[in-house]
Each structure stands twice: as structure tokens, then as C-alpha cells.
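Colleague: Contents of final_29.cif (mmCIF, C-alpha atoms):
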data_target
loop_
_atom_site.group_PDB
_atom_site.id
_atom_site.type_symbol
_atom_site.label_atom_id
_atom_site.label_comp_id
_atom_site.auth_asym_id
_atom_site.auth_seq_id
_atom_site.Cartn_x
_atom_site.Cartn_y
_atom_site.Cartn_z
ATOM 1 C CA MET B 17 6.168 12.684 -7.241
ATOM 2 C CA ARG B 18 4.548 16.104 -7.473
ATOM 3 C CA ILE B 19 1.124 14.638 -6.722
ATOM 4 C CA LEU B 20 2.411 13.064 -3.508
ATOM 5 C CA ASP B 21 4.164 16.267 -2.451
ATOM 6 C CA ASP B 22 0.982 18.286 -2.973
ATOM 7 C CA LEU B 23 -1.152 15.713 -1.149
ATOM 8 C CA ILE B 24 1.150 15.923 1.871
ATOM 9 C CA ALA B 25 1.242 19.731 1.712
ATOM 10 C CA SER B 26 -2.575 19.845 1.683
ATOM 11 C CA LEU B 27 -2.906 18.047 5.029
ATOM 12 C CA GLU B 28 -4.200 20.661 7.420
ATOM 13 C CA GLU B 29 -2.904 19.335 10.729
ATOM 14 C CA ASP B 30 -0.828 16.559 12.207
ATOM 15 C CA SER B 31 -1.940 13.890 14.673
ATOM 16 C CA PRO B 32 -0.312 11.216 16.844
ATOM 17 C CA VAL B 33 -0.282 7.702 15.390
ATOM 18 C CA GLU B 34 -2.268 5.251 17.486
ATOM 19 C CA GLU B 35 -1.723 2.106 15.476
ATOM 20 C CA VAL B 36 -0.115 0.766 12.297
ATOM 21 C CA ARG B 37 -1.128 -2.534 10.731
ATOM 22 C CA THR B 38 0.349 -3.983 7.560
ATOM 23 C CA CYS B 39 -1.870 -6.961 6.803
ATOM 24 C CA VAL B 40 -1.843 -9.347 3.860
ATOM 25 C CA PHE B 41 -4.088 -7.247 1.596
ATOM 26 C CA TRP B 42 -4.569 -3.937 3.397
ATOM 27 C CA THR B 43 -2.484 -1.548 5.453
ATOM 28 C CA ALA B 44 -4.145 0.692 8.038
ATOM 29 C CA VAL B 45 -2.865 3.686 9.962
ATOM 30 C CA VAL B 46 -4.972 5.021 12.813
ATOM 31 C CA SER B 47 -4.334 8.654 13.710
ATOM 32 C CA LYS B 48 -6.945 11.404 13.412
ATOM 33 C CA HIS B 49 -8.977 8.886 11.425
ATOM 34 C CA CYS B 50 -8.334 5.381 10.162
ATOM 35 C CA GLY B 51 -6.710 5.395 6.723
ATOM 36 C CA LEU B 52 -6.431 2.439 4.361
ATOM 37 C CA ALA B 53 -4.095 1.564 1.511
ATOM 38 C CA SER B 54 -3.287 -1.587 -0.407
ATOM 39 C CA THR B 55 -0.396 -3.567 1.010
ATOM 40 C CA ILE B 56 2.210 -3.689 -1.755
ATOM 41 C CA ARG B 57 5.268 -5.866 -1.278
ATOM 42 C CA GLU B 58 8.405 -6.373 -3.299
ATOM 43 C CA VAL B 59 8.731 -9.468 -5.426
ATOM 44 C CA GLY B 60 11.698 -11.548 -4.299
ATOM 45 C CA PRO B 61 13.222 -13.006 -1.152
ATOM 46 C CA HIS B 62 11.866 -11.690 2.132
ATOM 47 C CA GLY B 63 14.051 -9.505 4.283
ATOM 48 C CA GLU B 64 16.407 -8.053 1.671
ATOM 49 C CA ARG B 65 15.038 -4.571 2.403
ATOM 50 C CA ARG B 66 13.269 -3.700 5.622
ATOM 51 C CA VAL B 67 10.801 -1.056 6.781
ATOM 52 C CA ARG B 68 12.619 1.674 8.687
ATOM 53 C CA GLU B 69 12.074 1.872 12.443
ATOM 54 C CA VAL B 70 9.597 -0.975 12.401
ATOM 55 C CA GLY B 71 8.209 -1.575 15.898
ATOM 56 C CA SER B 72 8.337 2.129 16.652
ATOM 57 C CA LEU B 73 6.146 3.538 13.886
ATOM 58 C CA HIS B 74 3.335 4.191 16.355
ATOM 59 C CA LYS B 75 5.647 6.664 18.110
ATOM 60 C CA LYS B 76 5.795 8.891 15.027
ATOM 61 C CA SER B 77 3.293 11.534 14.080
ATOM 62 C CA ALA B 78 0.990 10.779 11.168
ATOM 63 C CA LEU B 79 2.622 13.499 9.062
ATOM 64 C CA GLU B 80 6.062 11.998 9.652
ATOM 65 C CA LEU B 81 4.710 8.619 8.611
ATOM 66 C CA ALA B 82 2.939 10.115 5.580
ATOM 67 C CA LYS B 83 6.357 10.986 4.136
ATOM 68 C CA TYR B 84 7.080 7.266 3.817
ATOM 69 C CA VAL B 85 4.878 7.415 0.712
ATOM 70 C CA ARG B 86 7.886 8.763 -1.195
ATOM 71 C CA SER B 87 9.885 5.599 -0.473
ATOM 72 C CA ASP B 88 10.907 3.244 -3.260
ATOM 73 C CA LEU B 89 10.236 0.357 -0.845
ATOM 74 C CA PRO B 90 6.605 -0.552 -1.667
ATOM 75 C CA LEU B 91 5.699 -1.574 1.875
ATOM 76 C CA GLU B 92 6.925 1.746 3.272
ATOM 77 C CA ALA B 93 5.013 3.617 0.582
ATOM 78 C CA SER B 94 1.873 1.644 1.492
ATOM 79 C CA ILE B 95 2.214 2.761 5.107
ATOM 80 C CA GLY B 96 2.754 6.338 3.981
ATOM 81 C CA MET B 97 -0.350 6.294 1.791
ATOM 82 C CA ALA B 98 -2.493 4.897 4.597
ATOM 83 C CA SER B 99 -1.163 7.638 6.853
ATOM 84 C CA ILE B 100 -2.135 10.331 4.346
ATOM 85 C CA ASN B 101 -5.642 8.890 4.256
ATOM 86 C CA SER B 102 -5.728 8.867 8.073
ATOM 87 C CA LEU B 103 -5.225 12.647 8.126
ATOM 88 C CA LEU B 104 -7.544 13.661 5.288
ATOM 89 C CA GLU B 105 -10.646 15.629 6.177
ATOM 90 C CA VAL B 106 -13.194 14.487 3.599
ATOM 91 C CA ASP B 107 -15.772 17.107 2.623
ATOM 92 C CA GLU B 108 -18.785 14.841 2.304
ATOM 93 C CA SER B 109 -20.915 17.755 1.083
ATOM 94 C CA ARG B 110 -18.898 17.584 -2.145
ATOM 95 C CA CYS B 111 -19.329 13.826 -2.520
ATOM 96 C CA VAL B 112 -21.904 12.221 -4.790
ATOM 97 C CA GLU B 113 -23.476 8.791 -4.926
ATOM 98 C CA LEU B 114 -21.643 7.217 -7.815
ATOM 99 C CA ASN B 115 -20.777 3.536 -8.053
ATOM 100 C CA ALA B 116 -17.581 3.236 -10.086
ATOM 101 C CA ARG B 117 -18.570 -0.081 -11.650
ATOM 102 C CA ASP B 118 -22.041 1.112 -12.645
ATOM 103 C CA PHE B 119 -20.675 4.374 -13.987
ATOM 104 C CA LEU B 120 -18.121 2.599 -16.174
ATOM 105 C CA LEU B 121 -20.729 0.158 -17.471
ATOM 106 C CA GLU B 122 -23.127 2.978 -18.341
ATOM 107 C CA GLN B 123 -20.731 5.599 -19.673
ATOM 108 C CA GLY B 124 -18.418 3.080 -21.296
ATOM 109 C CA GLN B 125 -20.926 1.695 -23.790
ATOM 110 C CA GLY B 126 -19.367 1.766 -27.220
ATOM 111 C CA LYS B 127 -16.273 3.554 -25.904
ATOM 112 C CA LYS B 128 -12.598 2.731 -25.879
ATOM 113 C CA ILE B 129 -11.764 2.036 -22.243
ATOM 114 C CA ALA B 130 -8.440 1.514 -20.519
ATOM 115 C CA LEU B 131 -8.211 0.020 -17.033
ATOM 116 C CA VAL B 132 -4.954 0.329 -15.147
ATOM 117 C CA GLY B 133 -5.242 -2.438 -12.574
ATOM 118 C CA HIS B 134 -7.330 -5.580 -12.261
ATOM 119 C CA PHE B 135 -10.934 -5.001 -11.174
ATOM 120 C CA PRO B 136 -13.743 -7.523 -10.506
ATOM 121 C CA PHE B 137 -16.042 -5.983 -13.142
ATOM 122 C CA ILE B 138 -13.723 -6.538 -16.121
ATOM 123 C CA ALA B 139 -15.835 -9.289 -17.703
ATOM 124 C CA LYS B 140 -18.994 -7.144 -17.643
ATOM 125 C CA LEU B 141 -17.169 -4.115 -18.965
ATOM 126 C CA ARG B 142 -15.750 -6.131 -21.840
ATOM 127 C CA GLY B 143 -19.325 -6.799 -22.916
ATOM 128 C CA VAL B 144 -20.254 -3.114 -23.373
ATOM 129 C CA ALA B 145 -17.027 -1.437 -24.514
ATOM 130 C CA GLU B 146 -15.976 -1.040 -28.134
ATOM 131 C CA THR B 147 -12.448 -1.820 -26.959
ATOM 132 C CA LEU B 148 -11.204 -2.681 -23.484
ATOM 133 C CA TRP B 149 -7.548 -2.689 -22.528
ATOM 134 C CA VAL B 150 -6.477 -3.941 -19.094
ATOM 135 C CA LEU B 151 -2.946 -3.068 -18.008
ATOM 136 C CA GLU B 152 -1.248 -4.852 -15.140
ATOM 137 C CA ARG B 153 2.290 -5.026 -13.777
ATOM 138 C CA TYR B 154 1.949 -8.803 -13.740
ATOM 139 C CA PRO B 155 -0.579 -9.408 -16.539
ATOM 140 C CA ALA B 156 -2.855 -12.426 -16.654
ATOM 141 C CA LYS B 157 -4.586 -13.780 -19.744
ATOM 142 C CA GLU B 158 -6.010 -11.034 -22.008
ATOM 143 C CA GLU B 159 -4.185 -8.363 -19.991
ATOM 144 C CA LEU B 160 -1.347 -6.142 -21.174
ATOM 145 C CA PRO B 161 1.901 -5.307 -19.383
ATOM 146 C CA ALA B 162 2.143 -1.922 -17.706
ATOM 147 C CA GLU B 163 4.607 -0.780 -20.386
ATOM 148 C CA ALA B 164 1.752 -0.805 -22.922
ATOM 149 C CA ALA B 165 0.364 2.360 -21.306
ATOM 150 C CA GLU B 166 2.408 4.505 -23.687
ATOM 151 C CA GLU B 167 0.475 3.085 -26.647
ATOM 152 C CA VAL B 168 -2.926 2.445 -25.076
ATOM 153 C CA LEU B 169 -3.809 5.433 -22.880
ATOM 154 C CA PRO B 170 -3.658 8.063 -25.667
ATOM 155 C CA GLN B 171 -6.308 6.036 -27.527
ATOM 156 C CA ALA B 172 -8.782 5.681 -24.638
ATOM 157 C CA ASP B 173 -11.989 7.708 -24.230
ATOM 158 C CA LEU B 174 -12.388 6.583 -20.630
ATOM 159 C CA VAL B 175 -9.503 5.705 -18.307
ATOM 160 C CA ALA B 176 -9.866 4.087 -14.871
ATOM 161 C CA ILE B 177 -6.695 3.904 -12.796
ATOM 162 C CA THR B 178 -6.150 2.055 -9.536
ATOM 163 C CA GLY B 179 -5.160 4.180 -6.556
ATOM 164 C CA THR B 180 -2.185 1.894 -5.971
ATOM 165 C CA THR B 181 -0.398 3.868 -8.689
ATOM 166 C CA LEU B 182 0.204 6.443 -5.955
ATOM 167 C CA ILE B 183 2.136 3.799 -4.037
ATOM 168 C CA ASN B 184 4.271 2.698 -6.984
ATOM 169 C CA HIS B 185 4.747 6.328 -8.090
ATOM 170 C CA THR B 186 3.376 5.928 -11.610
ATOM 171 C CA LEU B 187 0.207 8.039 -11.450
ATOM 172 C CA ASP B 188 1.814 11.295 -12.622
ATOM 173 C CA HIS B 189 3.096 9.631 -15.776
ATOM 174 C CA LEU B 190 -0.077 7.665 -16.476
ATOM 175 C CA VAL B 191 -2.305 10.741 -16.315
ATOM 176 C CA SER B 192 0.090 12.629 -18.575
ATOM 177 C CA LEU B 193 -0.521 9.987 -21.267
ATOM 178 C CA CYS B 194 -4.307 10.496 -21.274
ATOM 179 C CA ARG B 195 -5.931 12.695 -23.910
ATOM 180 C CA PRO B 196 -7.223 16.072 -22.649
ATOM 181 C CA ASP B 197 -10.747 15.108 -23.713
ATOM 182 C CA SER B 198 -10.712 11.672 -22.048
ATOM 183 C CA LEU B 199 -12.477 11.062 -18.750
ATOM 184 C CA VAL B 200 -10.054 9.926 -16.041
ATOM 185 C CA MET B 201 -11.151 8.081 -12.902
ATOM 186 C CA LEU B 202 -8.977 7.137 -9.927
ATOM 187 C CA LEU B 203 -10.543 4.397 -7.836
ATOM 188 C CA GLY B 204 -10.079 1.912 -5.053
ATOM 189 C CA PRO B 205 -9.646 2.048 -1.257
ATOM 190 C CA THR B 206 -6.101 3.425 -1.569
ATOM 191 C CA THR B 207 -7.401 6.503 -3.409
ATOM 192 C CA PRO B 208 -7.324 9.671 -1.270
ATOM 193 C CA LEU B 209 -10.580 11.627 -1.370
ATOM 194 C CA SER B 210 -8.715 14.861 -2.008
ATOM 195 C CA PRO B 211 -9.515 17.556 -4.597
ATOM 196 C CA VAL B 212 -5.739 17.958 -5.044
ATOM 197 C CA LEU B 213 -6.025 15.166 -7.616
ATOM 198 C CA PHE B 214 -8.202 17.372 -9.812
ATOM 199 C CA ASP B 215 -5.172 19.595 -10.420
ATOM 200 C CA TYR B 216 -3.438 16.653 -12.094
ATOM 201 C CA GLY B 217 -6.035 15.655 -14.665
ATOM 202 C CA VAL B 218 -8.227 13.316 -12.601
ATOM 203 C CA ASP B 219 -11.965 13.913 -13.167
ATOM 204 C CA ILE B 220 -13.539 11.381 -10.791
ATOM 205 C CA ILE B 221 -12.167 10.218 -7.419
ATOM 206 C CA CYS B 222 -13.738 7.038 -6.030
ATOM 207 C CA GLY B 223 -12.402 6.259 -2.557
ATOM 208 C CA THR B 224 -13.258 4.892 0.858
ATOM 209 C CA LYS B 225 -13.942 6.410 4.274
ATOM 210 C CA VAL B 226 -13.609 4.251 7.384
ATOM 211 C CA ILE B 227 -16.616 4.697 9.675
ATOM 212 C CA ASP B 228 -15.929 1.837 12.095
ATOM 213 C CA THR B 229 -12.226 1.535 12.864
ATOM 214 C CA LYS B 230 -12.582 -1.490 15.133
ATOM 215 C CA SER B 231 -14.453 -3.516 12.507
ATOM 216 C CA VAL B 232 -12.020 -2.560 9.752
ATOM 217 C CA LEU B 233 -8.948 -3.503 11.790
ATOM 218 C CA ARG B 234 -10.484 -6.808 12.767
ATOM 219 C CA CYS B 235 -11.376 -7.663 9.161
ATOM 220 C CA ILE B 236 -8.051 -6.743 7.570
ATOM 221 C CA SER B 237 -6.114 -8.489 10.347
ATOM 222 C CA GLN B 238 -8.005 -11.687 9.518
ATOM 223 C CA GLY B 239 -7.081 -11.546 5.824
ATOM 224 C CA ALA B 240 -10.184 -9.863 4.388
ATOM 225 C CA THR B 241 -10.351 -8.839 0.760
ATOM 226 C CA PHE B 242 -11.971 -5.447 0.322
ATOM 227 C CA GLN B 243 -15.365 -7.005 -0.420
ATOM 228 C CA GLN B 244 -15.165 -8.623 3.026
ATOM 229 C CA VAL B 245 -14.186 -5.480 4.928
ATOM 230 C CA LYS B 246 -16.941 -4.106 7.176
ATOM 231 C CA GLY B 247 -17.089 -0.574 8.517
ATOM 232 C CA VAL B 248 -16.406 1.504 5.387
ATOM 233 C CA ARG B 249 -18.334 3.873 3.124
ATOM 234 C CA LEU B 250 -17.685 4.320 -0.586
ATOM 235 C CA LEU B 251 -17.532 8.009 -1.525
ATOM 236 C CA THR B 252 -16.939 9.809 -4.804
ATOM 237 C CA LEU B 253 -15.684 13.289 -5.597
ATOM 238 C CA VAL B 254 -16.407 14.662 -9.077
ATOM 239 C CA LYS B 255 -14.609 17.595 -10.636
ATOM 240 C CA ASP B 256 -17.383 18.543 -13.067
ATOM 241 C CA GLU B 257 -20.768 16.869 -12.600
ATOM 242 C CA GLY B 258 -22.019 18.397 -15.828
ATOM 243 C CA ARG B 259 -19.325 16.662 -17.827
ATOM 244 C CA VAL B 260 -19.668 13.353 -16.003
ATOM 245 C CA GLY B 261 -23.432 13.092 -16.352
ATOM 246 C CA ARG B 262 -25.484 10.715 -14.271
ATOM 247 C CA PRO B 263 -25.547 6.950 -14.773
#
Please render this file's structure as C-alpha cells.
Modeller:
Amino acid sequence: MRILDDLIASLEEDSPVEEVRTCVFWTAVVSKHCGLASTIREVGPHGERRVREVGSLHKKSALELAKYVRSDLPLEASIGMASINSLLEVDESRCVELNARDFLLEQGQGKKIALVGHFPFIAKLRGVAETLWVLERYPAKEELPAEAAEEVLPQADLVAITGTTLINHTLDHLVSLCRPDSLVMLLGPTTPLSPVLFDYGVDIICGTKVIDTKSVLRCISQGATFQQVKGVRLLTLVKDEGRVGRP
């Protein structure tokens, strides 16, 4: 969990927690800002393991809550990740306009691509890639189980990894499997827009900044998928623009 430890250590200041919402698809923590993360739940009977101090989380500081990200209970880790995102100060001067889907479609032509996580652009990407592997914890048709990462990632020229791997604590290992010359992207609303990730082999960070907390909370509380969430901006940090090129 070195990545998580360094993300927490990089947070410049603490803040009181105003609100915590764990909704069907998205978890939000409102402190200095509003932070989002995917809501990840355990598979199995409800209630076997419970979130600590539930009902009083809003009485904690955001930094205290951020430490939940280390938990092996997925729902606690989701809350912790949202809290980290609520404290991050995003340097928008370092951000570029880069649509993850368009970038992958452009730069992935004729390449061997590995996606860790299910994304809505898979069908289009399959049409331009030489080879496309999709790895999922619960694979659907034409997808591979997560365990296939050991074989697949060392072969890929371009690797796109869902930010939820921070919640299930697999990102460190996944990045370690990528070739040094491959291009590694971390993407999705869970992804923290923090340059700390560059120290761990990530080249492109595609995340989300909440610009209208009220709208976001209303949408996620009503069961919105991310495409239905209003009040967010998509931002991208790039380690080396020269290497990435422009789509």
C-alpha cells in the first residue's frame, strides 16, 4: 500500500468532514472539497462486516477518514478514497485537455492494449487495436479474470487501469507488471489527480474535479451512473507531454 501511504502523506492540510454519502454507485465525502470514489461492496450476505463508527463519520476529520482507504473492507476503503479526493488541491495549471477515450482510440491504433476494468468504449477500442485484453474481477463475455494480469500486462504497449484498483489495493502490483516502455494510464472518477502517482509508473492521470457539490450529491443520491452526474469537470495530468503526444 505504498501508493496509498504516499497519497495520504502528500495531503497538505486537514479539514472537518461536512458530509459522507455512500450511494449505490458513488461515494462522496465533503470536506475542504467534495471528493468522489466508486462505491465498492463485498460480495456475499449483507451485514457480516460493518463500517466502523457509521453514523458518526461526519464527526471525524477528513484526514482521519482518509486512513480508511487502507481497510480490507471495500466500503470503508471507498470512503477513505473519497476523503483523499476531498482534500486534494488540484493544480489545474498542470492539467491538459485530454479525453481518455479519444486518446486510447488514437494512440492505440495497431497496438497491444490492456484495460484493467470495464469501460464503455471497449467495443470501439477493439476495432483499432492489434490486440485488446480486458481484465475484470468478475469477467463478462470476452473478458479475462483479474489473475490474467500476470500474463497480459507485460505484453501490452498501452495499459489503462481503473482508479478503483486503489480501493482494492491492487494498483501497486498491476503497475509493477507493466513494461518500462509501456504507456500507463490511470482513469475514472476515483482516480486522485495527484502527481504522487507519477512516482509509481503512471504516465497519465485522468480524474474528476467536483465543481458543483450540491448537484453531484443530488445525482449520486438518486442512483446516477457517472454519465448522469452533473457538476463535475474531467481533468488530466500528464507526466511527459512529449512522450504522450497529442491525439
Colleague: For the structure shown, which residues end up in the PyMOL selection byres ((chain B and resi 140) around 12)? Put them as a ChimeraX atom specification, please?
Modeller: /B:117-118,120-122,124-125,135-139,141-145,148
Colleague: I'd like to know which of B:Thr38, B:Arg18, B:Cys50, B:Leu182 is closest to Asp228 of chain B, using all atoms listed in the file.
Modeller: B:Cys50
Colleague: Atom CA of Trp42 of chain B and atom CA of Ala82 of chain B, how far apart in Å?
Modeller: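 If I compute the distance from atom CA of Ala82 of chain B to atom CA of Trp42 of chain B, I get 16.1 Å.
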Colleague: Counting only C-alpha atoms, which residue out of B:Ala176, B:Ile227, B:Leu190, B:Cys111 sits closest to Leu202 of chain B?
Modeller: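 Looking at the shortest contact to Leu202 of chain B, the residue is B:Ala176.
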Colleague: Name all residues at most 7 Å from Val226 of chain B (count all atoms listed in the file; drop same-chain ones fewer than 6 positions away) and give them as a PDB file with C-alpha atoms, keeping the file's coordinate frame.
Modeller:
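Listing of around_22.pdb after writing:
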ATOM      1  CA  CYS B  50      -8.334   5.381  10.162  1.00  0.00           C
ATOM      2  CA  GLY B 247     -17.089  -0.574   8.517  1.00  0.00           C
ATOM      3  CA  VAL B 248     -16.406   1.504   5.387  1.00  0.00           C
ATOM      4  CA  ARG B 249     -18.334   3.873   3.124  1.00  0.00           C
TER       5      ARG B 249
END
Colleague: If we count only C-alpha atoms and set the cut-off at 7 Å, which residues sit around segment 24-32 of chain B, ignoring sequence neighbours fewer than 5 positions away in its own chain? Please answer as number ranges by chain.
Modeller: B: 47-48, 76-79, 100, 103-104
Colleague: Excluding segment 233-245 of chain B and residues on its chain fewer than 5 positions from it, collect all residues at most 7 Å away from it, counting all atoms listed in the file, and give them as a list in words.
Modeller: Cys39, Val40, Phe41 and Trp42 of chain B
Colleague: Can I get the selected residues back with C-alpha atoms, as an mmCIF file, keeping the file's coordinate frame?
Modeller:
data_model
loop_
_atom_site.group_PDB
_atom_site.id
_atom_site.type_symbol
_atom_site.label_atom_id
_atom_site.label_comp_id
_atom_site.auth_asym_id
_atom_site.auth_seq_id
_atom_site.Cartn_x
_atom_site.Cartn_y
_atom_site.Cartn_z
ATOM 1 C CA CYS B 39 -1.870 -6.961 6.803
ATOM 2 C CA VAL B 40 -1.843 -9.347 3.860
ATOM 3 C CA PHE B 41 -4.088 -7.247 1.596
ATOM 4 C CA TRP B 42 -4.569 -3.937 3.397
#
Colleague: What does the PyMOL selection byres ((chain B and resi 191) around 8) select in this file, as a PyMOL selection string?
Modeller: chain B and resi 187-190+192-194+200+216-218
Colleague: Quick one: pull the distance between atom CA of Val232 of chain B and atom CA of Ile95 of chain B, Å, one decimal.
Modeller: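 Result for atom CA of Val232 of chain B versus atom CA of Ile95 of chain B: 15.9 Å, one decimal.
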Colleague: Which residues match the PyMOL selection byres ((chain B and resi 150) around 9) in the file above, as a list of chain:residue names?
Modeller: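 Checked against the file, the PyMOL selection byres ((chain B and resi 150) around 9) matches B:Ile129, B:Ala130, B:Leu131, B:Val132, B:Gly133, B:His134, B:Ile138, B:Leu148, B:Trp149, B:Leu151, B:Glu152, B:Pro155, B:Glu158, B:Glu159, B:Leu160, B:Pro161, B:Ala162.
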Colleague: Can I get the selected residues back with C-alpha atoms, as a compact mmCIF listing (two decimals), in the frame of the given file?
Modeller:
# COMPACT_ATOMS: atom_id res chain seq x y z
CA ILE B 129 -11.76 2.04 -22.24
CA ALA B 130 -8.44 1.51 -20.52
CA LEU B 131 -8.21 0.02 -17.03
CA VAL B 132 -4.95 0.33 -15.15
CA GLY B 133 -5.24 -2.44 -12.57
CA HIS B 134 -7.33 -5.58 -12.26
CA ILE B 138 -13.72 -6.54 -16.12
CA LEU B 148 -11.20 -2.68 -23.48
CA TRP B 149 -7.55 -2.69 -22.53
CA LEU B 151 -2.95 -3.07 -18.01
CA GLU B 152 -1.25 -4.85 -15.14
CA PRO B 155 -0.58 -9.41 -16.54
CA GLU B 158 -6.01 -11.03 -22.01
CA GLU B 159 -4.18 -8.36 -19.99
CA LEU B 160 -1.35 -6.14 -21.17
CA PRO B 161 1.90 -5.31 -19.38
CA ALA B 162 2.14 -1.92 -17.71
Colleague: Atom CA of His185 of chain B and atom CA of Ala44 of chain B, how far apart in Å?
Modeller: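 So the answer is 19.3 Å.
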Colleague: Pick from B:Asp219, B:Asp88, B:Arg153, B:Leu209: nearest to Val175 of chain B, with all atoms listed in the file counted?
Modeller: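 Using all atoms listed in the file, the shortest distance to Val175 of chain B belongs to B:Asp219.
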Colleague: Tell me, as a ChimeraX atom specification, which residues lie within 9 Å of Ile183 of chain B, counting all atoms listed in the file; anything in the same chain fewer than 5 positions away does not count.
Modeller: /B:53-54,56,85-88,90-94,96-97,206
Colleague: Place N, CA and C atoms on segment 17-29 of chain B and deliver the coordinates as a tab-separated table (two decimals), in the coordinates of the input.
Modeller:
chain	number	residue	atom	x	y	z
B	17	MET	N	7.02	12.88	-8.41
B	17	MET	CA	6.17	12.68	-7.24
B	17	MET	C	5.44	13.97	-6.85
B	18	ARG	N	5.19	14.83	-7.80
B	18	ARG	CA	4.55	16.10	-7.47
B	18	ARG	C	3.18	15.89	-6.83
B	19	ILE	N	2.43	14.89	-7.30
B	19	ILE	CA	1.12	14.64	-6.72
B	19	ILE	C	1.26	14.32	-5.24
B	20	LEU	N	2.22	13.45	-4.91
B	20	LEU	CA	2.41	13.06	-3.51
B	20	LEU	C	2.83	14.26	-2.67
B	21	ASP	N	3.72	15.08	-3.19
B	21	ASP	CA	4.16	16.27	-2.45
B	21	ASP	C	2.99	17.19	-2.17
B	22	ASP	N	2.12	17.39	-3.16
B	22	ASP	CA	0.98	18.29	-2.97
B	22	ASP	C	-0.07	17.68	-2.04
B	23	LEU	N	-0.24	16.36	-2.09
B	23	LEU	CA	-1.15	15.71	-1.15
B	23	LEU	C	-0.69	15.92	0.29
B	24	ILE	N	0.61	15.73	0.52
B	24	ILE	CA	1.15	15.92	1.87
B	24	ILE	C	1.02	17.38	2.29
B	25	ALA	N	1.32	18.30	1.39
B	25	ALA	CA	1.24	19.73	1.71
B	25	ALA	C	-0.19	20.17	2.02
B	26	SER	N	-1.18	19.46	1.48
B	26	SER	CA	-2.58	19.84	1.68
B	26	SER	C	-3.13	19.41	3.04
B	27	LEU	N	-2.42	18.54	3.74
B	27	LEU	CA	-2.91	18.05	5.03
B	27	LEU	C	-2.89	19.19	6.04
B	28	GLU	N	-4.03	19.44	6.63
B	28	GLU	CA	-4.20	20.66	7.42
B	28	GLU	C	-3.54	20.61	8.79
B	29	GLU	N	-3.52	19.43	9.41
B	29	GLU	CA	-2.90	19.34	10.73
B	29	GLU	C	-2.39	17.93	10.97
